[in-house]
>>> print(open('final.pdb').read())   # PDB, C-alpha atoms and all ligand atoms
ATOM      1  CA  MET A  19     -13.372  -5.212  -6.959  1.00  0.00           C
ATOM      2  CA  ILE A  20     -14.109  -2.576  -4.298  1.00  0.00           C
ATOM      3  CA  GLU A  21     -13.168   1.098  -4.673  1.00  0.00           C
ATOM      4  CA  ASP A  22     -11.604   2.420  -1.458  1.00  0.00           C
ATOM      5  CA  THR A  23     -13.227   5.835  -1.143  1.00  0.00           C
ATOM      6  CA  ARG A  24     -10.305   7.254   0.815  1.00  0.00           C
ATOM      7  CA  TRP A  25      -8.755   7.830  -2.618  1.00  0.00           C
ATOM      8  CA  GLU A  26      -9.737   8.250  -6.276  1.00  0.00           C
ATOM      9  CA  GLY A  27      -9.109   5.188  -8.481  1.00  0.00           C
ATOM     10  CA  VAL A  28      -7.836   2.791  -5.785  1.00  0.00           C
ATOM     11  CA  TYR A  29      -9.395  -0.694  -5.738  1.00  0.00           C
ATOM     12  CA  SER A  30      -9.010  -3.853  -3.650  1.00  0.00           C
ATOM     13  CA  PHE A  31     -10.258  -7.403  -4.254  1.00  0.00           C
ATOM     14  CA  GLU A  32     -11.485  -8.039  -0.704  1.00  0.00           C
ATOM     15  CA  ASP A  33     -14.815  -9.028  -2.282  1.00  0.00           C
ATOM     16  CA  SER A  34     -13.152 -11.988  -4.030  1.00  0.00           C
ATOM     17  CA  PRO A  35     -12.974 -14.978  -1.647  1.00  0.00           C
ATOM     18  CA  PHE A  36     -10.479 -16.837  -3.851  1.00  0.00           C
ATOM     19  CA  ILE A  37      -8.067 -13.886  -4.038  1.00  0.00           C
ATOM     20  CA  MET A  38      -8.418 -13.492  -0.247  1.00  0.00           C
ATOM     21  CA  GLU A  39      -7.672 -17.201   0.259  1.00  0.00           C
ATOM     22  CA  VAL A  40      -4.475 -16.981  -1.821  1.00  0.00           C
ATOM     23  CA  LEU A  41      -3.489 -13.791   0.050  1.00  0.00           C
ATOM     24  CA  THR A  42      -3.987 -15.619   3.358  1.00  0.00           C
ATOM     25  CA  GLU A  43      -1.577 -18.327   2.234  1.00  0.00           C
ATOM     26  CA  LEU A  44       1.001 -15.650   1.263  1.00  0.00           C
ATOM     27  CA  ARG A  45       0.654 -13.962   4.650  1.00  0.00           C
ATOM     28  CA  ASP A  46       1.188 -17.274   6.500  1.00  0.00           C
ATOM     29  CA  GLU A  47       4.807 -17.363   7.743  1.00  0.00           C
ATOM     30  CA  ARG A  48       4.715 -21.168   7.266  1.00  0.00           C
ATOM     31  CA  THR A  49       4.386 -20.747   3.492  1.00  0.00           C
ATOM     32  CA  GLY A  50       7.758 -21.530   1.875  1.00  0.00           C
ATOM     33  CA  PRO A  51       9.240 -19.994  -1.327  1.00  0.00           C
ATOM     34  CA  ILE A  52       7.722 -22.485  -3.791  1.00  0.00           C
ATOM     35  CA  PRO A  53       4.068 -22.044  -2.719  1.00  0.00           C
ATOM     36  CA  PHE A  54       4.770 -18.333  -2.129  1.00  0.00           C
ATOM     37  CA  ARG A  55       5.872 -17.849  -5.752  1.00  0.00           C
ATOM     38  CA  LYS A  56       2.952 -19.987  -6.973  1.00  0.00           C
ATOM     39  CA  GLY A  57       0.575 -17.795  -4.948  1.00  0.00           C
ATOM     40  CA  LEU A  58       1.996 -14.615  -6.540  1.00  0.00           C
ATOM     41  CA  VAL A  59       1.504 -16.168 -10.003  1.00  0.00           C
ATOM     42  CA  LYS A  60      -2.126 -17.007  -9.119  1.00  0.00           C
ATOM     43  CA  LEU A  61      -2.785 -13.467  -7.854  1.00  0.00           C
ATOM     44  CA  GLY A  62      -1.265 -12.014 -11.035  1.00  0.00           C
ATOM     45  CA  ARG A  63      -3.536 -14.163 -13.187  1.00  0.00           C
ATOM     46  CA  TYR A  64      -6.733 -13.453 -11.263  1.00  0.00           C
ATOM     47  CA  MET A  65      -6.091  -9.737 -10.803  1.00  0.00           C
ATOM     48  CA  ALA A  66      -5.343  -9.417 -14.545  1.00  0.00           C
ATOM     49  CA  TYR A  67      -8.648 -11.164 -15.220  1.00  0.00           C
ATOM     50  CA  GLU A  68     -10.398  -8.648 -12.924  1.00  0.00           C
ATOM     51  CA  LEU A  69      -8.521  -5.783 -14.621  1.00  0.00           C
ATOM     52  CA  THR A  70      -9.895  -6.790 -18.047  1.00  0.00           C
ATOM     53  CA  LYS A  71     -13.322  -5.765 -16.698  1.00  0.00           C
ATOM     54  CA  THR A  72     -12.034  -2.162 -16.767  1.00  0.00           C
ATOM     55  CA  MET A  73     -10.675  -2.415 -20.307  1.00  0.00           C
ATOM     56  CA  GLU A  74     -12.210  -1.197 -23.566  1.00  0.00           C
ATOM     57  CA  VAL A  75     -13.930  -3.945 -25.590  1.00  0.00           C
ATOM     58  CA  GLU A  76     -15.085  -3.967 -29.212  1.00  0.00           C
ATOM     59  CA  LYS A  77     -17.705  -5.998 -31.056  1.00  0.00           C
ATOM     60  CA  ILE A  78     -16.353  -8.152 -33.898  1.00  0.00           C
ATOM     61  CA  PRO A  79     -18.106 -10.468 -36.388  1.00  0.00           C
ATOM     62  CA  VAL A  80     -17.525 -14.193 -35.838  1.00  0.00           C
ATOM     63  CA  LYS A  81     -18.694 -17.126 -37.966  1.00  0.00           C
ATOM     64  CA  THR A  82     -19.655 -20.301 -36.082  1.00  0.00           C
ATOM     65  CA  PRO A  83     -19.988 -23.628 -37.946  1.00  0.00           C
ATOM     66  CA  LEU A  84     -23.700 -22.807 -38.118  1.00  0.00           C
ATOM     67  CA  GLU A  85     -24.033 -19.074 -38.656  1.00  0.00           C
ATOM     68  CA  GLU A  86     -22.500 -15.593 -38.518  1.00  0.00           C
ATOM     69  CA  THR A  87     -22.832 -13.772 -35.186  1.00  0.00           C
ATOM     70  CA  THR A  88     -21.269 -10.958 -33.168  1.00  0.00           C
ATOM     71  CA  GLY A  89     -18.306 -11.578 -30.856  1.00  0.00           C
ATOM     72  CA  THR A  90     -16.224  -9.581 -28.393  1.00  0.00           C
ATOM     73  CA  ARG A  91     -12.568  -8.547 -28.328  1.00  0.00           C
ATOM     74  CA  ILE A  92     -10.783  -6.688 -25.515  1.00  0.00           C
ATOM     75  CA  LYS A  93      -9.148  -3.886 -27.498  1.00  0.00           C
ATOM     76  CA  ASP A  94      -6.890  -2.708 -24.643  1.00  0.00           C
ATOM     77  CA  ARG A  95      -5.512  -6.221 -24.073  1.00  0.00           C
ATOM     78  CA  ARG A  96      -3.437  -5.768 -27.225  1.00  0.00           C
ATOM     79  CA  ASN A  97      -1.964  -2.478 -26.030  1.00  0.00           C
ATOM     80  CA  VAL A  98      -0.401  -3.274 -22.672  1.00  0.00           C
ATOM     81  CA  VAL A  99       3.093  -2.651 -21.318  1.00  0.00           C
ATOM     82  CA  ILE A 100       3.865  -4.480 -18.067  1.00  0.00           C
ATOM     83  CA  ILE A 101       6.700  -2.938 -16.023  1.00  0.00           C
ATOM     84  CA  THR A 102       8.181  -5.536 -13.667  1.00  0.00           C
ATOM     85  CA  VAL A 103      10.002  -4.261 -10.578  1.00  0.00           C
ATOM     86  CA  LEU A 104      12.737  -6.703  -9.577  1.00  0.00           C
ATOM     87  CA  ARG A 105      12.742  -8.974  -7.533  1.00  0.00           C
ATOM     88  CA  ALA A 106       9.344  -9.605  -5.988  1.00  0.00           C
ATOM     89  CA  ALA A 107       7.266  -8.728  -9.056  1.00  0.00           C
ATOM     90  CA  ILE A 108       8.712 -11.521 -11.226  1.00  0.00           C
ATOM     91  CA  PRO A 109       6.118 -14.183 -10.248  1.00  0.00           C
ATOM     92  CA  LEU A 110       3.348 -11.552 -10.215  1.00  0.00           C
ATOM     93  CA  MET A 111       4.230 -10.624 -13.833  1.00  0.00           C
ATOM     94  CA  GLU A 112       4.215 -14.342 -14.770  1.00  0.00           C
ATOM     95  CA  GLY A 113       0.586 -14.443 -13.652  1.00  0.00           C
ATOM     96  CA  LEU A 114      -0.436 -11.173 -15.283  1.00  0.00           C
ATOM     97  CA  ILE A 115       0.991 -12.252 -18.625  1.00  0.00           C
ATOM     98  CA  LYS A 116      -1.113 -15.442 -18.694  1.00  0.00           C
ATOM     99  CA  VAL A 117      -4.131 -13.188 -19.257  1.00  0.00           C
ATOM    100  CA  LEU A 118      -2.361 -10.231 -20.891  1.00  0.00           C
ATOM    101  CA  ASP A 119      -0.318 -12.406 -23.266  1.00  0.00           C
ATOM    102  CA  HIS A 120       0.140  -9.660 -25.885  1.00  0.00           C
ATOM    103  CA  ALA A 121       1.856  -7.394 -23.337  1.00  0.00           C
ATOM    104  CA  ARG A 122       5.258  -5.868 -24.030  1.00  0.00           C
ATOM    105  CA  VAL A 123       7.414  -6.088 -20.908  1.00  0.00           C
ATOM    106  CA  GLY A 124       9.796  -3.606 -19.287  1.00  0.00           C
ATOM    107  CA  ILE A 125      12.102  -4.596 -16.422  1.00  0.00           C
ATOM    108  CA  VAL A 126      13.482  -2.268 -13.767  1.00  0.00           C
ATOM    109  CA  SER A 127      15.499  -3.050 -10.643  1.00  0.00           C
ATOM    110  CA  ALA A 128      14.639  -1.106  -7.502  1.00  0.00           C
ATOM    111  CA  SER A 129      16.103  -1.826  -4.113  1.00  0.00           C
ATOM    112  CA  ARG A 130      15.030   0.109  -1.094  1.00  0.00           C
ATOM    113  CA  GLY A 131      17.499   1.429   1.469  1.00  0.00           C
ATOM    114  CA  LYS A 132      17.110   1.718   5.208  1.00  0.00           C
ATOM    115  CA  ALA A 133      14.709   3.839   7.215  1.00  0.00           C
ATOM    116  CA  PRO A 134      14.023   6.741   7.493  1.00  0.00           C
ATOM    117  CA  LYS A 135      15.014   7.870   3.971  1.00  0.00           C
ATOM    118  CA  PHE A 136      14.294   4.567   2.193  1.00  0.00           C
ATOM    119  CA  GLU A 137      16.526   5.675  -0.703  1.00  0.00           C
ATOM    120  CA  ILE A 138      15.665   3.719  -3.858  1.00  0.00           C
ATOM    121  CA  GLU A 139      18.526   2.451  -6.023  1.00  0.00           C
ATOM    122  CA  MET A 140      17.292   1.889  -9.586  1.00  0.00           C
ATOM    123  CA  LYS A 141      20.192   0.669 -11.765  1.00  0.00           C
ATOM    124  CA  TYR A 142      18.781  -1.678 -14.412  1.00  0.00           C
ATOM    125  CA  VAL A 143      16.116  -0.051 -16.602  1.00  0.00           C
ATOM    126  CA  LYS A 144      14.900  -1.668 -19.855  1.00  0.00           C
ATOM    127  CA  VAL A 145      11.551  -0.223 -20.965  1.00  0.00           C
ATOM    128  CA  PRO A 146      10.005  -0.398 -24.476  1.00  0.00           C
ATOM    129  CA  ARG A 147       8.587   2.679 -26.245  1.00  0.00           C
ATOM    130  CA  ILE A 148       5.185   3.526 -24.776  1.00  0.00           C
ATOM    131  CA  LYS A 149       2.398   4.512 -27.190  1.00  0.00           C
ATOM    132  CA  PRO A 150      -0.636   6.772 -26.517  1.00  0.00           C
ATOM    133  CA  GLU A 151      -3.018   3.789 -26.804  1.00  0.00           C
ATOM    134  CA  ASP A 152      -1.101   1.730 -24.217  1.00  0.00           C
ATOM    135  CA  THR A 153      -2.204   0.720 -20.748  1.00  0.00           C
ATOM    136  CA  VAL A 154       0.965   0.727 -18.644  1.00  0.00           C
ATOM    137  CA  ILE A 155       0.782  -1.727 -15.747  1.00  0.00           C
ATOM    138  CA  VAL A 156       3.480  -1.356 -13.077  1.00  0.00           C
ATOM    139  CA  ALA A 157       3.657  -4.636 -11.169  1.00  0.00           C
ATOM    140  CA  ASP A 158       5.009  -4.690  -7.636  1.00  0.00           C
ATOM    141  CA  PRO A 159       3.566  -6.853  -4.855  1.00  0.00           C
ATOM    142  CA  MET A 160       4.234  -4.371  -2.047  1.00  0.00           C
ATOM    143  CA  ILE A 161       3.362  -0.676  -1.892  1.00  0.00           C
ATOM    144  CA  ALA A 162       4.765   0.387   1.489  1.00  0.00           C
ATOM    145  CA  THR A 163       6.174   3.970   1.689  1.00  0.00           C
ATOM    146  CA  GLY A 164       5.523   4.332  -2.045  1.00  0.00           C
ATOM    147  CA  SER A 165       9.132   5.422  -2.697  1.00  0.00           C
ATOM    148  CA  THR A 166       9.761   2.603  -5.178  1.00  0.00           C
ATOM    149  CA  LEU A 167       6.657   3.216  -7.262  1.00  0.00           C
ATOM    150  CA  VAL A 168       7.056   7.006  -7.282  1.00  0.00           C
ATOM    151  CA  LYS A 169      10.585   6.570  -8.669  1.00  0.00           C
ATOM    152  CA  VAL A 170       9.564   3.859 -11.171  1.00  0.00           C
ATOM    153  CA  LEU A 171       6.592   5.906 -12.425  1.00  0.00           C
ATOM    154  CA  ASP A 172       8.818   9.000 -12.833  1.00  0.00           C
ATOM    155  CA  GLU A 173      11.203   6.906 -14.947  1.00  0.00           C
ATOM    156  CA  VAL A 174       8.541   5.093 -16.998  1.00  0.00           C
ATOM    157  CA  LYS A 175       6.910   8.373 -18.023  1.00  0.00           C
ATOM    158  CA  LYS A 176      10.138   9.275 -19.876  1.00  0.00           C
ATOM    159  CA  TYR A 177       9.369   6.508 -22.429  1.00  0.00           C
ATOM    160  CA  GLY A 178       6.158   8.076 -23.783  1.00  0.00           C
ATOM    161  CA  ARG A 179       2.688   9.089 -22.586  1.00  0.00           C
ATOM    162  CA  ALA A 180       0.204   6.222 -22.097  1.00  0.00           C
ATOM    163  CA  LYS A 181      -3.599   6.020 -22.169  1.00  0.00           C
ATOM    164  CA  ARG A 182      -3.648   4.665 -18.600  1.00  0.00           C
ATOM    165  CA  TYR A 183      -1.154   4.094 -15.791  1.00  0.00           C
ATOM    166  CA  VAL A 184      -2.176   1.203 -13.522  1.00  0.00           C
ATOM    167  CA  VAL A 185      -0.335  -0.144 -10.466  1.00  0.00           C
ATOM    168  CA  VAL A 186      -1.045  -3.814  -9.711  1.00  0.00           C
ATOM    169  CA  GLY A 187       0.114  -5.030  -6.293  1.00  0.00           C
ATOM    170  CA  VAL A 188      -0.722  -7.492  -3.539  1.00  0.00           C
ATOM    171  CA  LEU A 189      -0.637  -5.314  -0.394  1.00  0.00           C
ATOM    172  CA  ALA A 190      -0.594  -1.541   0.015  1.00  0.00           C
ATOM    173  CA  ALA A 191      -0.225   0.673   3.088  1.00  0.00           C
ATOM    174  CA  PRO A 192      -2.309   3.887   3.229  1.00  0.00           C
ATOM    175  CA  GLU A 193       0.919   5.875   3.598  1.00  0.00           C
ATOM    176  CA  GLY A 194       2.225   4.525   0.289  1.00  0.00           C
ATOM    177  CA  ILE A 195      -1.029   5.167  -1.556  1.00  0.00           C
ATOM    178  CA  ASP A 196      -1.055   8.770  -0.278  1.00  0.00           C
ATOM    179  CA  ARG A 197       2.545   9.258  -1.496  1.00  0.00           C
ATOM    180  CA  ILE A 198       1.835   7.894  -4.985  1.00  0.00           C
ATOM    181  CA  LYS A 199      -1.403   9.867  -5.312  1.00  0.00           C
ATOM    182  CA  GLU A 200       0.480  13.075  -4.386  1.00  0.00           C
ATOM    183  CA  THR A 201       2.988  12.758  -7.212  1.00  0.00           C
ATOM    184  CA  HIS A 202       1.024  10.702  -9.779  1.00  0.00           C
ATOM    185  CA  PRO A 203      -2.671  11.491  -9.123  1.00  0.00           C
ATOM    186  CA  GLU A 204      -3.846   9.967 -12.415  1.00  0.00           C
ATOM    187  CA  VAL A 205      -2.470   6.521 -11.536  1.00  0.00           C
ATOM    188  CA  GLU A 206      -5.066   3.816 -10.797  1.00  0.00           C
ATOM    189  CA  MET A 207      -4.149   1.193  -8.223  1.00  0.00           C
ATOM    190  CA  PHE A 208      -5.435  -2.383  -7.926  1.00  0.00           C
ATOM    191  CA  VAL A 209      -4.284  -4.416  -4.919  1.00  0.00           C
ATOM    192  CA  ALA A 210      -5.555  -7.595  -3.251  1.00  0.00           C
ATOM    193  CA  ALA A 211      -5.907  -5.715   0.057  1.00  0.00           C
ATOM    194  CA  ILE A 212      -5.121  -2.378   1.697  1.00  0.00           C
ATOM    195  CA  ASP A 213      -3.502  -3.134   5.051  1.00  0.00           C
ATOM    196  CA  ARG A 214      -3.529  -1.076   8.283  1.00  0.00           C
ATOM    197  CA  GLU A 215      -0.178   0.773   8.439  1.00  0.00           C
ATOM    198  CA  LEU A 216       3.632   0.706   8.181  1.00  0.00           C
ATOM    199  CA  ASN A 217       6.002  -0.105  11.037  1.00  0.00           C
ATOM    200  CA  ASP A 218       9.061   2.097  11.616  1.00  0.00           C
ATOM    201  CA  HIS A 219      11.173  -0.149   9.417  1.00  0.00           C
ATOM    202  CA  GLY A 220       8.818   0.583   6.511  1.00  0.00           C
ATOM    203  CA  TYR A 221       7.161  -2.851   6.539  1.00  0.00           C
ATOM    204  CA  ILE A 222       3.443  -3.248   5.948  1.00  0.00           C
ATOM    205  CA  LEU A 223       1.361  -4.414   8.942  1.00  0.00           C
ATOM    206  CA  PRO A 224      -0.061  -7.008   9.190  1.00  0.00           C
ATOM    207  CA  GLY A 225       1.588  -7.553   5.777  1.00  0.00           C
ATOM    208  CA  LEU A 226       3.410 -10.680   4.628  1.00  0.00           C
ATOM    209  CA  GLY A 227       7.027  -9.809   5.440  1.00  0.00           C
ATOM    210  CA  ASP A 228       9.652  -9.048   2.771  1.00  0.00           C
ATOM    211  CA  ALA A 229       8.083 -10.234  -0.482  1.00  0.00           C
ATOM    212  CA  GLY A 230      11.383 -10.607  -2.350  1.00  0.00           C
ATOM    213  CA  ASP A 231      12.896 -12.626   0.492  1.00  0.00           C
ATOM    214  CA  ARG A 232       9.761 -14.769   0.866  1.00  0.00           C
ATOM    215  CA  ALA A 233       9.858 -15.539  -2.878  1.00  0.00           C
ATOM    216  CA  PHE A 234      13.607 -15.913  -3.485  1.00  0.00           C
ATOM    217  CA  GLY A 235      15.315 -16.103  -0.094  1.00  0.00           C
ATOM    218  CA  ALA A 236      17.164 -13.386   1.813  1.00  0.00           C
ATOM    219  CA  PRO A 237      20.286 -12.168  -0.061  1.00  0.00           C
ATOM    220  CA  ILE A 238      23.551 -12.206   1.898  1.00  0.00           C
ATOM    221  CA  LYS A 239      25.395  -8.920   2.427  1.00  0.00           C
ATOM    222  CA  LEU A 240      29.039  -9.125   1.361  1.00  0.00           C
TER     223      LEU A 240
HETATM  224  O1  LIG A 301       6.872   1.152  -1.165  1.00  0.00           O
HETATM  225  P1  LIG A 301       8.325   0.989  -0.734  1.00  0.00           P
HETATM  226  O2  LIG A 301       8.584   1.528   0.654  1.00  0.00           O
HETATM  227  O3  LIG A 301       9.296   1.480  -1.756  1.00  0.00           O
HETATM  228  O4  LIG A 301       8.567  -0.588  -0.563  1.00  0.00           O
HETATM  229  C1  LIG A 301       8.104  -1.459  -1.522  1.00  0.00           C
HETATM  230  C2  LIG A 301       9.281  -2.166  -2.178  1.00  0.00           C
HETATM  231  O5  LIG A 301      10.055  -2.848  -1.186  1.00  0.00           O
HETATM  232  C3  LIG A 301      10.303  -4.169  -1.632  1.00  0.00           C
HETATM  233  O6  LIG A 301      11.417  -4.197  -2.482  1.00  0.00           O
HETATM  234  P2  LIG A 301      12.893  -4.526  -1.965  1.00  0.00           P
HETATM  235  O7  LIG A 301      13.706  -3.291  -2.020  1.00  0.00           O
HETATM  236  O8  LIG A 301      12.783  -5.247  -0.650  1.00  0.00           O
HETATM  237  O9  LIG A 301      13.420  -5.483  -3.100  1.00  0.00           O
HETATM  238  P3  LIG A 301      13.041  -7.016  -3.355  1.00  0.00           P
HETATM  239  O10 LIG A 301      11.678  -7.011  -4.018  1.00  0.00           O
HETATM  240  O11 LIG A 301      14.130  -7.467  -4.251  1.00  0.00           O
HETATM  241  O12 LIG A 301      13.027  -7.687  -2.010  1.00  0.00           O
HETATM  242  C4  LIG A 301       9.099  -4.519  -2.446  1.00  0.00           C
HETATM  243  O13 LIG A 301       9.398  -5.551  -3.351  1.00  0.00           O
HETATM  244  C5  LIG A 301       8.759  -3.215  -3.135  1.00  0.00           C
HETATM  245  O14 LIG A 301       9.431  -3.095  -4.354  1.00  0.00           O
HETATM  246  O1  LIG A 302       6.118  -5.097   3.957  1.00  0.00           O
HETATM  247  C1  LIG A 302       6.915  -4.843   3.053  1.00  0.00           C
HETATM  248  C2  LIG A 302       7.285  -3.520   2.731  1.00  0.00           C
HETATM  249  C3  LIG A 302       8.156  -3.301   1.714  1.00  0.00           C
HETATM  250  N1  LIG A 302       8.640  -4.352   1.031  1.00  0.00           N
HETATM  251  C4  LIG A 302       8.293  -5.626   1.330  1.00  0.00           C
HETATM  252  O2  LIG A 302       8.739  -6.572   0.669  1.00  0.00           O
HETATM  253  N2  LIG A 302       7.421  -5.853   2.337  1.00  0.00           N
HETATM  254 MG    MG A 303      12.900  -7.014  -0.291  1.00  0.00          MG
END
>>> encode(input="final.pdb", output="structure tokens", more="lines below")
Ligand SMILES: O=P(O)(O)OC[C@H]1O[C@H](OP(=O)(O)OP(=O)(O)O)[C@H](O)[C@@H]1O
Ligand SMILES: O=c1cc[nH]c(=O)[nH]1
Ligand SMILES: [Mg+2]
Amino acid sequence: MIEDTRWEGVYSFEDSPFIMEVLTELRDERTGPIPFRKGLVKLGRYMAYELTKTMEVEKIPVKTPLEETTGTRIKDRRNVVIITVLRAAIPLMEGLIKVLDHARVGIVSASRGKAPKFEIEMKYVKVPRIKPEDTVIVADPMIATGSTLVKVLDEVKKYGRAKRYVVVGVLAAPEGIDRIKETHPEVEMFVAAIDRELNDHGYILPGLGDAGDRAFGAPIKL
């Protein structure tokens, strides 16, 4: 992972060719919903694997068929709460949880309104109690204006103070990172790549389009 020195605690995986290859497939407009969801699952799995490198480990005794020796256990892996932001984060969470299988899971809905206010409607909130030893991971593939994550982090912090707050995403715009760092400076962010900018509809450029629509199809407006 590479720390982006424009901020404190913001990392990308542009040094990982495999993560970049999967990201390229997600960006490709020819990629349909099935491979798109599969790609989000893969990114969740591999970014969770990378994230374990930042977790606390402990030495434990282990007995092989031949002799006693010392083993390793990732202590923090047993104290994780994954917060999934509907819709687009569902496949991403599926990938994260393959590595972080002990995680407790919270689900929140968050749908973003139109420019320029980008009001966030957060109706469905089901979050477990958060303990001081927990690493809270908020999963959302896209960090554009940052409105969604600011609102979700505000809400999640009502459920108890955690040891760490980590955002895991696929693409982030500098504008969104700035916004989140303003209101939640302690939050660490891990994304596959940090893209160039937002367009005036609040979409990330070059981006990958609307992640929820790419994964599940565009909803119709009644
Ligand atoms: O950083 P922001 O400007 O808040 O934008 C990011 C949010 O926008 C998209 O959600 P959307 O409202 O499109 O819902 P969806 O995931 O169901 O498509 C995306 O999934 C993020 O949650
Ligand atoms: O580019 C973007 C920005 C916000 N939400 C998305 O799904 N894609
Ligand atoms: Mg969407």
>>> closest_residue(input="final.pdb", among="A:Thr23, A:Ser34, A:Asn217, A:Thr88", to="ligand LIG 302 (chain A)", atoms="all atoms listed in the file")
A:Asn217
>>> residues_near_ligand(input="final.pdb", ligand="ligand MG 303 (chain A)", cutoff="10 Å", atoms="all atoms listed in the file", output="ChimeraX atom specification")
/A:104-106,128-131,160,221,227-237
>>> atom_distance(input="final.pdb", atom1="CA of Lys71 (chain A)", atom2="CA of Met19 (chain A)")
9.8 Å
>>> residues_around(input="final.pdb", residues="Val186 (chain A)", least_positions_apart="6", cutoff="6 Å", atoms="only C-alpha atoms", output="ChimeraX atom specification")
/A:157,208-209
>>> residues_around(input="final.pdb", residues="region 211-216 of chain A", least_positions_apart="4", cutoff="8 Å", atoms="only C-alpha atoms", output="list of chain:residue names")
A:Ser30, A:Phe31, A:Glu32, A:Ala162, A:Thr163, A:Val188, A:Leu189, A:Ala190, A:Ala191, A:Pro192, A:Glu193, A:Gly220, A:Tyr221, A:Ile222, A:Leu223, A:Pro224, A:Gly225
>>> axis_aligned_box(input="final.pdb", around="ligand LIG 302 (chain A)", padding_each_side="6 Å", output="lines of an AutoDock Vina configuration file")
center_x = 7.4
center_y = -4.9
center_z = 2.3
size_x = 14.6
size_y = 15.3
size_z = 15.3
>>> closest_residue(input="final.pdb", among="A:Asp218, A:Glu112, A:Asp172, A:Asp158", to="Tyr64 (chain A)", atoms="all atoms listed in the file")
A:Glu112
>>> resolve_selection(input="final.pdb", expression="the PyMOL selection byres (((chain A and resi 75) around 12) and not hetatm)", output="PyMOL selection string")
chain A and resi 70-74+76-78+89-96
>>> decode(input="final.pdb", residues="region 202-218 of chain A", atoms="N, CA and C atoms", output="PDB file, in the first residue's frame")
ATOM      1  N   HIS A 202     -13.763  14.096  10.450  1.00  0.00           N
ATOM      2  CA  HIS A 202     -13.324  12.889  11.172  1.00  0.00           C
ATOM      3  C   HIS A 202     -11.838  12.686  10.921  1.00  0.00           C
ATOM      4  N   PRO A 203     -10.982  13.552  11.477  1.00  0.00           N
ATOM      5  CA  PRO A 203      -9.542  13.525  11.144  1.00  0.00           C
ATOM      6  C   PRO A 203      -8.839  12.227  11.517  1.00  0.00           C
ATOM      7  N   GLU A 204      -9.414  11.502  12.519  1.00  0.00           N
ATOM      8  CA  GLU A 204      -8.726  10.292  12.994  1.00  0.00           C
ATOM      9  C   GLU A 204      -8.982   9.090  12.074  1.00  0.00           C
ATOM     10  N   VAL A 205      -9.903   9.253  11.128  1.00  0.00           N
ATOM     11  CA  VAL A 205     -10.290   8.116  10.281  1.00  0.00           C
ATOM     12  C   VAL A 205      -9.188   7.804   9.271  1.00  0.00           C
ATOM     13  N   GLU A 206      -8.820   6.502   9.191  1.00  0.00           N
ATOM     14  CA  GLU A 206      -7.858   6.057   8.172  1.00  0.00           C
ATOM     15  C   GLU A 206      -8.658   5.645   6.936  1.00  0.00           C
ATOM     16  N   MET A 207      -8.064   5.825   5.770  1.00  0.00           N
ATOM     17  CA  MET A 207      -8.782   5.467   4.546  1.00  0.00           C
ATOM     18  C   MET A 207      -7.901   4.592   3.659  1.00  0.00           C
ATOM     19  N   PHE A 208      -8.467   3.492   3.172  1.00  0.00           N
ATOM     20  CA  PHE A 208      -7.751   2.580   2.281  1.00  0.00           C
ATOM     21  C   PHE A 208      -8.609   2.418   1.019  1.00  0.00           C
ATOM     22  N   VAL A 209      -8.084   2.865  -0.108  1.00  0.00           N
ATOM     23  CA  VAL A 209      -8.831   2.743  -1.367  1.00  0.00           C
ATOM     24  C   VAL A 209      -7.924   2.147  -2.448  1.00  0.00           C
ATOM     25  N   ALA A 210      -8.512   1.522  -3.468  1.00  0.00           N
ATOM     26  CA  ALA A 210      -7.686   0.960  -4.532  1.00  0.00           C
ATOM     27  C   ALA A 210      -6.915   2.096  -5.209  1.00  0.00           C
ATOM     28  N   ALA A 211      -7.640   3.206  -5.520  1.00  0.00           N
ATOM     29  CA  ALA A 211      -6.955   4.336  -6.166  1.00  0.00           C
ATOM     30  C   ALA A 211      -7.630   5.653  -5.804  1.00  0.00           C
ATOM     31  N   ILE A 212      -6.827   6.719  -5.816  1.00  0.00           N
ATOM     32  CA  ILE A 212      -7.368   8.074  -5.618  1.00  0.00           C
ATOM     33  C   ILE A 212      -7.421   8.718  -6.996  1.00  0.00           C
ATOM     34  N   ASP A 213      -8.628   9.000  -7.465  1.00  0.00           N
ATOM     35  CA  ASP A 213      -8.792   9.525  -8.829  1.00  0.00           C
ATOM     36  C   ASP A 213      -8.591  11.046  -8.873  1.00  0.00           C
ATOM     37  N   ARG A 214      -8.779  11.639 -10.079  1.00  0.00           N
ATOM     38  CA  ARG A 214      -8.377  13.036 -10.303  1.00  0.00           C
ATOM     39  C   ARG A 214      -9.304  14.051  -9.652  1.00  0.00           C
ATOM     40  N   GLU A 215     -10.630  13.924  -9.907  1.00  0.00           N
ATOM     41  CA  GLU A 215     -11.559  14.981  -9.430  1.00  0.00           C
ATOM     42  C   GLU A 215     -13.010  14.526  -9.576  1.00  0.00           C
ATOM     43  N   LEU A 216     -13.933  15.409  -9.153  1.00  0.00           N
ATOM     44  CA  LEU A 216     -15.372  15.172  -9.320  1.00  0.00           C
ATOM     45  C   LEU A 216     -15.885  15.999 -10.494  1.00  0.00           C
ATOM     46  N   ASN A 217     -16.922  15.493 -11.181  1.00  0.00           N
ATOM     47  CA  ASN A 217     -17.585  16.373 -12.165  1.00  0.00           C
ATOM     48  C   ASN A 217     -18.721  17.107 -11.456  1.00  0.00           C
ATOM     49  N   ASP A 218     -19.439  18.003 -12.171  1.00  0.00           N
ATOM     50  CA  ASP A 218     -20.419  18.816 -11.432  1.00  0.00           C
ATOM     51  C   ASP A 218     -21.698  18.062 -11.081  1.00  0.00           C
TER      52      ASP A 218
END
